[in-house]
>>> print(open('run18.cif').read())   # mmCIF, C-alpha atoms
data_coords
loop_
_atom_site.label_atom_id
_atom_site.label_comp_id
_atom_site.auth_asym_id
_atom_site.auth_seq_id
_atom_site.Cartn_x
_atom_site.Cartn_y
_atom_site.Cartn_z
CA MET A 33 -5.75 14.38 -6.87
CA GLY A 34 -7.49 17.57 -5.84
CA GLN A 35 -8.16 20.00 -3.06
CA THR A 36 -11.61 20.77 -1.71
CA THR A 37 -13.00 24.23 -2.16
CA LEU A 38 -13.28 25.38 1.46
CA ILE A 39 -16.40 27.46 0.87
CA HIS A 40 -17.89 26.61 4.26
CA GLN A 41 -14.78 26.47 6.41
CA GLY A 42 -15.75 27.89 9.79
CA LYS A 43 -19.48 28.16 9.02
CA ARG A 44 -21.55 26.79 11.88
CA GLY A 45 -23.81 23.79 11.50
CA PHE A 46 -26.09 22.11 14.02
CA LEU A 47 -27.68 18.72 14.58
CA ALA A 48 -30.59 18.61 17.03
CA LEU A 49 -32.39 15.48 18.24
CA GLU A 50 -35.89 14.95 19.54
CA ASP A 51 -34.52 14.10 23.01
CA GLY A 52 -33.23 17.67 23.33
CA SER A 53 -29.58 17.01 22.45
CA VAL A 54 -27.87 19.60 20.25
CA TYR A 55 -24.48 19.15 18.54
CA GLU A 56 -22.56 22.03 17.01
CA GLY A 57 -20.13 21.46 14.17
CA ILE A 58 -19.00 22.95 10.87
CA SER A 59 -21.15 22.98 7.75
CA ILE A 60 -19.57 21.02 4.89
CA GLY A 61 -22.62 20.86 2.64
CA ALA A 62 -25.35 23.11 1.32
CA ASP A 63 -26.81 26.04 3.24
CA GLY A 64 -30.19 25.03 4.53
CA GLU A 65 -32.11 22.82 6.90
CA MET A 66 -33.41 19.25 6.64
CA ASP A 67 -35.13 16.87 9.04
CA GLY A 68 -35.05 13.08 9.10
CA GLU A 69 -34.40 10.02 11.19
CA VAL A 70 -30.81 10.09 12.49
CA VAL A 71 -29.05 6.74 11.95
CA PHE A 72 -25.46 5.51 11.77
CA ASN A 73 -23.47 3.42 9.31
CA THR A 74 -20.39 1.45 10.43
CA SER A 75 -18.72 1.16 7.00
CA ILE A 76 -15.12 2.30 6.67
CA THR A 77 -15.44 2.92 2.91
CA GLY A 78 -18.27 3.41 0.45
CA TYR A 79 -19.62 6.81 1.49
CA GLN A 80 -20.48 7.66 -2.12
CA GLU A 81 -22.58 4.51 -2.48
CA ILE A 82 -24.25 5.24 0.87
CA LEU A 83 -25.11 8.81 -0.13
CA THR A 84 -26.76 7.64 -3.36
CA ASP A 85 -28.62 4.60 -1.98
CA PRO A 86 -32.39 5.30 -2.24
CA SER A 87 -32.95 3.18 0.88
CA TYR A 88 -31.65 6.17 2.90
CA ARG A 89 -34.51 8.42 1.85
CA GLY A 90 -35.79 10.30 4.89
CA GLN A 91 -32.66 9.62 6.95
CA ILE A 92 -29.74 11.69 8.25
CA VAL A 93 -26.76 9.35 8.04
CA THR A 94 -23.88 9.48 10.53
CA MET A 95 -20.64 7.74 9.56
CA THR A 96 -18.85 6.04 12.47
CA TYR A 97 -15.48 5.98 10.72
CA PRO A 98 -13.63 9.14 11.88
CA MET A 99 -12.45 10.54 8.52
CA ILE A 100 -14.63 10.64 5.42
CA GLY A 101 -13.96 12.13 1.98
CA ASN A 102 -10.35 11.15 1.42
CA VAL A 103 -10.99 9.42 -1.93
CA GLY A 104 -13.27 12.14 -3.27
CA ILE A 105 -16.16 11.49 -5.64
CA ASN A 106 -16.06 9.62 -8.95
CA GLN A 107 -18.58 9.05 -11.74
CA GLU A 108 -18.85 5.27 -11.42
CA ASP A 109 -19.58 4.46 -7.77
CA VAL A 110 -23.12 5.76 -7.62
CA GLU A 111 -26.23 3.74 -6.79
CA SER A 112 -28.78 6.17 -8.20
CA GLY A 113 -28.91 9.42 -10.14
CA ARG A 114 -28.18 11.68 -7.15
CA PRO A 115 -27.63 11.66 -3.37
CA GLN A 116 -30.74 10.39 -1.58
CA VAL A 117 -29.95 11.03 2.11
CA SER A 118 -31.72 13.81 4.01
CA GLY A 119 -28.44 14.84 5.61
CA PHE A 120 -24.89 13.68 6.32
CA VAL A 121 -22.81 13.79 9.53
CA VAL A 122 -19.09 13.00 9.88
CA ARG A 123 -16.40 13.45 12.50
CA GLU A 124 -13.82 14.88 10.10
CA ASN A 125 -14.16 15.82 6.44
CA SER A 126 -10.88 15.25 4.61
CA ARG A 127 -9.67 18.48 3.01
CA ILE A 128 -7.61 16.57 0.45
CA PHE A 129 -8.97 13.87 -1.82
CA SER A 130 -6.77 11.49 -3.78
CA ASN A 131 -7.83 8.62 -6.05
CA PHE A 132 -7.15 7.83 -9.70
CA ARG A 133 -10.89 8.00 -10.47
CA SER A 134 -11.87 11.01 -8.33
CA LYS A 135 -13.33 14.06 -10.04
CA ASN A 136 -14.26 16.36 -7.16
CA SER A 137 -14.47 16.59 -3.39
CA LEU A 138 -17.15 15.32 -1.04
CA SER A 139 -18.02 18.87 0.05
CA ASP A 140 -18.37 20.10 -3.52
CA TYR A 141 -20.61 17.13 -4.31
CA LEU A 142 -22.85 17.76 -1.29
CA ILE A 143 -23.13 21.46 -2.11
CA LYS A 144 -23.92 20.76 -5.78
CA HIS A 145 -26.78 18.43 -4.84
CA GLN A 146 -28.12 20.58 -2.00
CA ILE A 147 -27.38 18.10 0.80
CA VAL A 148 -27.05 19.64 4.27
CA ALA A 149 -24.06 18.14 6.09
CA ILE A 150 -21.85 18.84 9.10
CA ALA A 151 -18.46 17.76 10.42
CA GLY A 152 -16.66 18.30 13.69
CA ILE A 153 -19.10 16.74 16.15
CA ASP A 154 -18.36 13.82 18.48
CA THR A 155 -19.86 11.05 16.38
CA ARG A 156 -18.92 8.47 19.03
CA ALA A 157 -21.21 10.18 21.55
CA LEU A 158 -23.97 10.46 18.96
CA VAL A 159 -23.75 6.79 18.02
CA ARG A 160 -23.79 5.72 21.68
CA LYS A 161 -26.96 7.76 22.16
CA ILE A 162 -28.62 6.11 19.16
CA ARG A 163 -27.58 2.66 20.35
CA ASP A 164 -28.94 3.35 23.85
CA LYS A 165 -32.11 5.24 22.95
CA GLY A 166 -32.76 4.09 19.39
CA ALA A 167 -32.85 6.01 16.12
CA GLN A 168 -33.91 9.61 16.75
CA ARG A 169 -35.85 12.13 14.75
CA GLY A 170 -33.56 15.06 14.13
CA ILE A 171 -32.77 18.13 12.10
CA LEU A 172 -29.60 19.43 10.46
CA SER A 173 -29.28 23.18 9.98
CA SER A 174 -26.75 25.74 8.85
CA ILE A 175 -29.24 28.61 9.02
CA ASP A 176 -30.94 28.31 12.44
CA PHE A 177 -28.61 28.53 15.44
CA ASP A 178 -31.25 28.53 18.18
CA ALA A 179 -31.19 25.27 20.15
CA ASP A 180 -34.81 25.39 21.36
CA SER A 181 -36.05 26.14 17.86
CA LEU A 182 -34.09 23.25 16.36
CA VAL A 183 -35.25 20.72 18.98
CA ALA A 184 -38.86 21.76 18.38
CA LYS A 185 -38.40 21.19 14.64
CA ALA A 186 -36.81 17.80 15.26
CA ARG A 187 -39.82 16.73 17.32
CA LYS A 188 -42.15 17.71 14.47
CA SER A 189 -40.31 15.50 11.98
CA PRO A 190 -42.72 12.75 10.79
CA GLY A 191 -40.23 9.88 11.19
CA LEU A 192 -40.43 6.75 9.05
CA VAL A 193 -43.25 4.64 10.51
CA GLY A 194 -46.38 4.60 8.37
CA ARG A 195 -44.88 6.70 5.55
CA ASP A 196 -44.69 5.60 1.93
CA LEU A 197 -41.21 6.82 0.98
CA VAL A 198 -41.02 4.43 -1.98
CA ARG A 199 -43.13 6.75 -4.15
CA GLU A 200 -40.44 9.43 -3.73
CA VAL A 201 -37.66 7.32 -5.26
CA ILE A 202 -39.21 4.96 -7.82
CA PRO A 203 -38.78 5.49 -11.58
CA THR A 204 -41.70 6.94 -13.51
CA GLN A 205 -41.66 4.46 -16.39
CA LYS A 206 -40.35 1.15 -17.68
CA ARG A 207 -36.65 0.92 -18.46
CA GLU A 208 -34.41 -1.63 -20.15
CA TRP A 209 -31.10 -2.06 -18.29
CA SER A 210 -27.89 -3.05 -20.07
CA GLU A 211 -25.02 -1.78 -17.88
CA HIS A 212 -22.75 -4.50 -16.47
CA LEU A 213 -20.56 -4.56 -13.40
CA HIS A 214 -17.45 -2.39 -13.39
CA SER A 215 -14.38 -4.23 -14.68
CA LEU A 216 -12.93 -4.18 -11.16
CA ALA A 217 -15.91 -6.15 -9.85
CA SER A 218 -17.11 -8.18 -12.84
CA GLN A 219 -17.48 -11.94 -12.45
CA SER A 220 -18.65 -12.49 -16.03
CA ASN A 221 -15.99 -15.12 -16.80
CA SER A 222 -17.54 -17.45 -14.25
CA HIS A 223 -21.00 -17.08 -15.81
CA GLU A 224 -20.22 -17.66 -19.48
CA ASN A 225 -22.17 -20.91 -19.63
CA GLN A 226 -25.29 -19.65 -17.89
CA HIS A 227 -28.58 -19.26 -19.75
CA ASN A 228 -29.86 -15.81 -20.59
CA TYR A 229 -33.18 -15.08 -18.91
CA HIS A 230 -35.60 -12.17 -18.87
CA VAL A 231 -35.72 -10.67 -15.37
CA VAL A 232 -38.30 -8.05 -14.45
CA CYS A 233 -37.24 -5.91 -11.50
CA LEU A 234 -39.83 -4.17 -9.37
CA ASP A 235 -37.98 -1.01 -8.40
CA PHE A 236 -38.87 0.27 -4.91
CA GLY A 237 -35.67 2.34 -4.74
CA MET A 238 -33.21 -0.07 -6.28
CA LYS A 239 -29.45 0.26 -6.02
CA TRP A 240 -27.96 0.18 -9.50
CA ASN A 241 -25.44 -2.54 -8.65
CA ILE A 242 -28.33 -5.02 -8.48
CA PRO A 243 -29.30 -4.82 -12.17
CA ARG A 244 -25.56 -4.71 -12.97
CA HIS A 245 -25.24 -8.15 -11.32
CA LEU A 246 -28.28 -9.47 -13.17
CA ALA A 247 -27.03 -8.15 -16.53
CA ASP A 248 -23.52 -9.46 -15.85
CA ARG A 249 -24.97 -12.97 -15.82
CA GLY A 250 -26.27 -12.51 -19.36
CA ASN A 251 -29.85 -11.70 -18.44
CA ARG A 252 -32.14 -9.27 -20.19
CA VAL A 253 -33.23 -6.87 -17.44
CA THR A 254 -36.41 -4.80 -17.49
CA ILE A 255 -37.12 -2.38 -14.65
CA LEU A 256 -40.68 -1.43 -13.68
CA PRO A 257 -41.79 1.10 -11.08
CA GLY A 258 -42.62 -0.50 -7.74
CA THR A 259 -46.23 0.55 -8.24
CA ALA A 260 -46.63 -1.85 -11.18
CA THR A 261 -49.33 -4.50 -10.89
CA ALA A 262 -48.95 -8.25 -11.25
CA GLU A 263 -50.68 -7.95 -14.61
CA ASP A 264 -48.05 -5.41 -15.73
CA VAL A 265 -45.29 -7.82 -14.76
CA LEU A 266 -46.84 -10.95 -16.27
CA ALA A 267 -47.57 -9.13 -19.53
CA LEU A 268 -43.79 -9.00 -20.08
CA ASN A 269 -43.58 -12.80 -19.69
CA PRO A 270 -40.43 -12.77 -17.53
CA ASP A 271 -38.47 -15.83 -16.49
CA GLY A 272 -38.08 -14.36 -13.03
CA VAL A 273 -39.11 -11.38 -10.90
CA PHE A 274 -36.76 -9.41 -8.68
CA LEU A 275 -37.99 -7.35 -5.69
CA SER A 276 -35.63 -4.49 -4.90
CA ASN A 277 -34.48 -2.68 -1.81
CA GLY A 278 -36.05 0.65 -0.91
CA PRO A 279 -36.67 3.12 1.90
CA GLY A 280 -38.82 3.17 4.98
CA ASP A 281 -41.67 1.16 6.45
CA PRO A 282 -42.85 -1.79 4.32
CA GLU A 283 -46.30 -2.22 5.87
CA PRO A 284 -47.96 0.83 4.23
CA LEU A 285 -47.03 -0.50 0.76
CA GLU A 286 -50.28 -2.38 0.17
CA TYR A 287 -49.99 -2.01 -3.61
CA ALA A 288 -46.63 -3.80 -3.61
CA ILE A 289 -47.76 -6.50 -1.17
CA SER A 290 -50.79 -7.22 -3.36
CA THR A 291 -48.67 -7.41 -6.51
CA ILE A 292 -46.22 -9.84 -4.95
CA ARG A 293 -49.01 -11.99 -3.54
CA ASN A 294 -50.45 -12.29 -7.05
CA LEU A 295 -47.06 -13.22 -8.52
CA LEU A 296 -46.18 -15.99 -6.08
CA GLY A 297 -46.37 -19.39 -7.74
CA LYS A 298 -46.44 -17.89 -11.22
CA LYS A 299 -42.81 -16.83 -11.59
CA PRO A 300 -39.58 -17.36 -9.61
CA VAL A 301 -39.09 -14.48 -7.18
CA PHE A 302 -35.95 -13.10 -5.49
CA GLY A 303 -36.11 -10.22 -3.00
CA ILE A 304 -33.47 -8.07 -1.30
CA CYS A 305 -33.93 -5.91 1.83
CA LEU A 306 -37.29 -4.11 1.43
CA GLY A 307 -38.09 -6.76 -1.18
CA HIS A 308 -37.47 -9.40 1.50
CA GLN A 309 -39.84 -7.68 3.90
CA LEU A 310 -42.51 -7.30 1.21
CA LEU A 311 -42.25 -10.96 0.20
CA SER A 312 -42.68 -11.92 3.86
CA LEU A 313 -45.67 -9.60 4.26
CA ALA A 314 -47.24 -11.00 1.08
CA SER A 315 -46.85 -14.49 2.56
CA GLY A 316 -48.59 -13.54 5.82
CA ALA A 317 -45.83 -12.30 8.15
CA LYS A 318 -45.54 -8.97 9.95
CA THR A 319 -42.66 -6.54 10.33
CA PHE A 320 -41.41 -4.34 13.17
CA LYS A 321 -39.26 -1.24 13.52
CA MET A 322 -35.84 -2.04 14.95
CA LYS A 323 -34.24 -0.01 17.72
CA PHE A 324 -31.43 1.33 15.54
CA GLY A 325 -31.29 -1.08 12.60
CA HIS A 326 -28.40 -2.65 10.74
CA ARG A 327 -26.34 -0.30 8.57
CA GLY A 328 -22.81 -1.13 7.52
CA ALA A 329 -20.61 -3.36 5.38
CA ASN A 330 -19.50 -5.70 8.16
CA GLN A 331 -22.65 -7.47 9.36
CA PRO A 332 -22.23 -11.22 10.09
CA VAL A 333 -24.96 -13.52 8.77
CA LEU A 334 -25.34 -17.26 9.32
CA HIS A 335 -26.41 -19.45 6.41
CA CYS A 336 -28.59 -21.87 8.37
CA GLY A 337 -28.24 -24.76 5.93
CA SER A 338 -24.47 -24.87 5.63
CA GLY A 339 -23.38 -23.19 8.88
CA ARG A 340 -21.29 -20.81 6.79
CA VAL A 341 -20.89 -17.24 8.05
CA GLU A 342 -21.09 -14.42 5.50
CA ILE A 343 -19.90 -10.86 6.12
CA THR A 344 -22.53 -8.70 4.49
CA SER A 345 -23.54 -5.17 3.60
CA GLN A 346 -26.81 -4.08 5.23
CA ASN A 347 -29.06 -1.05 5.42
CA HIS A 348 -32.45 -1.42 7.05
CA GLY A 349 -34.42 -0.20 10.05
CA PHE A 350 -37.28 -2.72 9.84
CA ALA A 351 -37.24 -6.51 10.06
CA VAL A 352 -39.60 -9.48 9.81
CA THR A 353 -41.21 -10.50 13.12
CA GLU A 354 -40.29 -14.14 13.69
CA GLU A 355 -43.35 -14.91 15.84
CA THR A 356 -45.61 -14.04 12.88
CA LEU A 357 -43.74 -16.11 10.28
CA PRO A 358 -46.27 -18.32 8.47
CA ASP A 359 -45.68 -22.05 7.98
CA CYS A 360 -45.09 -21.49 4.26
CA LEU A 361 -41.82 -19.61 4.96
CA GLU A 362 -38.60 -21.23 6.12
CA ILE A 363 -35.78 -19.22 7.73
CA THR A 364 -32.58 -19.61 5.69
CA HIS A 365 -30.32 -16.90 7.21
CA ARG A 366 -29.92 -15.16 10.55
CA ASN A 367 -28.13 -12.00 11.60
CA LEU A 368 -25.50 -13.05 14.14
CA ASN A 369 -25.52 -9.71 15.98
CA ASP A 370 -29.09 -10.04 17.21
CA ASN A 371 -30.45 -13.32 15.73
CA THR A 372 -33.09 -11.54 13.64
CA ILE A 373 -34.30 -13.12 10.42
CA ALA A 374 -31.90 -12.39 7.55
CA GLY A 375 -33.41 -14.63 4.87
CA VAL A 376 -36.42 -16.78 4.05
CA ARG A 377 -37.49 -19.34 1.45
CA HIS A 378 -41.05 -20.12 0.40
CA LYS A 379 -41.85 -23.82 0.84
CA GLN A 380 -44.56 -24.04 -1.81
CA HIS A 381 -43.37 -21.58 -4.45
CA PRO A 382 -40.03 -20.75 -6.11
CA ALA A 383 -39.34 -17.64 -4.06
CA PHE A 384 -36.65 -16.54 -1.61
CA SER A 385 -35.27 -13.35 -0.14
CA VAL A 386 -32.57 -11.91 2.11
CA GLN A 387 -32.52 -8.92 4.43
CA TYR A 388 -29.04 -7.84 3.35
CA HIS A 389 -27.31 -6.70 0.14
CA PRO A 390 -25.52 -9.45 -1.82
CA GLU A 391 -24.72 -6.91 -4.55
CA ALA A 392 -22.50 -5.11 -1.99
CA SER A 393 -21.36 -1.74 -3.41
CA ALA A 394 -19.83 -1.02 -1.07
CA GLY A 395 -19.10 -4.15 0.88
CA PRO A 396 -17.85 -7.74 0.77
CA HIS A 397 -18.77 -10.18 -2.00
CA ASP A 398 -19.47 -13.18 0.26
CA SER A 399 -23.13 -13.34 -0.77
CA SER A 400 -23.01 -12.86 -4.54
CA TYR A 401 -23.86 -16.58 -4.87
CA LEU A 402 -27.49 -15.61 -4.25
CA PHE A 403 -27.70 -14.18 -7.76
CA ASP A 404 -26.54 -17.59 -9.03
CA ASP A 405 -29.22 -19.25 -6.88
CA PHE A 406 -31.78 -17.06 -8.63
CA GLN A 407 -30.39 -18.16 -12.00
CA LYS A 408 -30.82 -21.80 -10.94
CA LEU A 409 -34.38 -21.12 -9.80
CA MET A 410 -35.23 -19.64 -13.21
CA ALA A 411 -33.54 -22.58 -14.95
CA ALA A 412 -35.59 -25.06 -12.92
CA LYS A 413 -38.82 -23.35 -14.01
CA GLY A 414 -37.71 -22.91 -17.63
#
>>> encode(input="run18.cif", output="structure tokens")
Amino acid sequence: MGQTTLIHQGKRGFLALEDGSVYEGISIGADGEMDGEVVFNTSITGYQEILTDPSYRGQIVTMTYPMIGNVGINQEDVESGRPQVSGFVVRENSRIFSNFRSKNSLSDYLIKHQIVAIAGIDTRALVRKIRDKGAQRGILSSIDFDADSLVAKARKSPGLVGRDLVREVIPTQKREWSEHLHSLASQSNSHENQHNYHVVCLDFGMKWNIPRHLADRGNRVTILPGTATAEDVLALNPDGVFLSNGPGDPEPLEYAISTIRNLLGKKPVFGICLGHQLLSLASGAKTFKMKFGHRGANQPVLHCGSGRVEITSQNHGFAVTEETLPDCLEITHRNLNDNTIAGVRHKQHPAFSVQYHPEASAGPHDSSYLFDDFQKLMAAKG
């Protein structure tokens, strides 16, 4: 148990949106200024995983749950090497943190990693605005207190459409992964009889709990940068190829789309989130930017084959356009909030993908069976 260092208590912080709205709160992060697309996440827990998810690159994340920070920060629940968000907004930052694994406070963590963040604004009003008007370009600042200046800066923010944010978060070289799931989440006992396969992951901004799941099933896991070519992948002779999540607009990623297109039919393929969008694009579909996206650990998804409903963790602002879906792709899952495509399967090749996060972290474990489906796909091609 610990107490936050109240370095910024009383220091002003501002969030300005491109529509001219300005919210004043209290700075709980680093001194500075950062622009990005302002989005919201409906999760009650998991703020540490959200902060470190590379899919949030270029985004200022607002938490809808009213108090954040009460369990502090630990060394295990991270999804990358550092926080990836452009900024962080909460209603109330807990001054006291208490958890048997916690090492420091949320504020101290944000300050250490130079993340601009504010508390004390009406996040309900902000979320209603985003739901009504869509995700907004915005700016967070603890150094500029002039409303007109901040709104002008928000309007100059480049947004997400057409940008290649993947290159900002991918690894620089090949890596062998050996870390398994945390003992609190491990399912290894149920996978003792599964074959060990070599899985090559194309990392477009991959959450670390994904390779943990793959390794927990006994697989050898090799991670390549998302800029790798099909030849780079096939040279490693994998049993299967995984396409990771990642930030931003999928359509500018021509290098990834080309790689996936050249892998289809040669190796079993499994994609998550951005990987799902890229698999769909490589198969001939198109994508579109959603009004405010799906971000949270409580998103209902229908498994079309069984009629089973899964509660899932999601984080995306783009989706596959159903009207452009080619005949070679079959819809396997749908989001029950808006009926958008949440999963597809290739009819000619051993390849499938989902728009959500079966690895959770944070979130429910309803969809972890998809990793087992990937194991079966590799076994069938073995």
>>> residues_around(input="run18.cif", residues="Asp178 of chain A", least_positions_apart="4", cutoff="12 Å", atoms="all atoms listed in the file", output="list in words")
Arg44, Gly45, Phe46, Leu47, Ala48, Val54, Tyr55, Glu56, Ser173, Ser174, Leu182, Val183, Ala184 and Lys185 of chain A
>>> closest_residue(input="run18.cif", among="A:Asp63, A:Ile343, A:Val198, A:Ser126", to="His145 of chain A", atoms="only C-alpha atoms")
A:Asp63
>>> closest_residue(input="run18.cif", among="A:Arg340, A:Arg169, A:Arg127, A:Lys323", to="Gln91 of chain A", atoms="all atoms listed in the file")
A:Arg169
>>> closest_residue(input="run18.cif", among="A:Gly68, A:Gly78, A:Pro270, A:Gly303", to="Ala374 of chain A", atoms="all atoms listed in the file")
A:Gly303
>>> resolve_selection(input="run18.cif", expression="the PyMOL selection byres ((chain A and resi 353-370) around 7)", output="list in words")
Gly316, Ala317, Lys318, Thr319, Phe320, Pro332, Val333, Leu334, His335, Cys336, Gly337, Ala351, Val352, Asn371, Thr372, Ile373, Ala374, Gly375, Val376, Arg377, His378, Lys379 and Gln380 of chain A
>>> resolve_selection(input="run18.cif", expression="the PyMOL selection byres ((chain A and resi 154) around 9)", output="PyMOL selection string")
chain A and resi 55+57+122-123+151-153+155-159
>>> atom_distance(input="run18.cif", atom1="atom CA of Asp405 of chain A", atom2="atom CA of Ala392 of chain A")
16.4 Å
>>> resolve_selection(input="run18.cif", expression="the PyMOL selection byres ((chain A and resi 348) around 8)", output="JSON list (two decimals) with C-alpha atoms, in the coordinates of the input")
[["chain", "number", "residue", "atom", "x", "y", "z"],
["A", 87, "SER", "CA", -32.95, 3.18, 0.88],
["A", 305, "CYS", "CA", -33.93, -5.91, 1.83],
["A", 306, "LEU", "CA", -37.29, -4.11, 1.43],
["A", 325, "GLY", "CA", -31.29, -1.08, 12.60],
["A", 326, "HIS", "CA", -28.40, -2.65, 10.74],
["A", 327, "ARG", "CA", -26.34, -0.30, 8.57],
["A", 346, "GLN", "CA", -26.81, -4.08, 5.23],
["A", 347, "ASN", "CA", -29.06, -1.05, 5.42],
["A", 349, "GLY", "CA", -34.42, -0.20, 10.05],
["A", 350, "PHE", "CA", -37.28, -2.72, 9.84],
["A", 351, "ALA", "CA", -37.24, -6.51, 10.06],
["A", 387, "GLN", "CA", -32.52, -8.92, 4.43]]
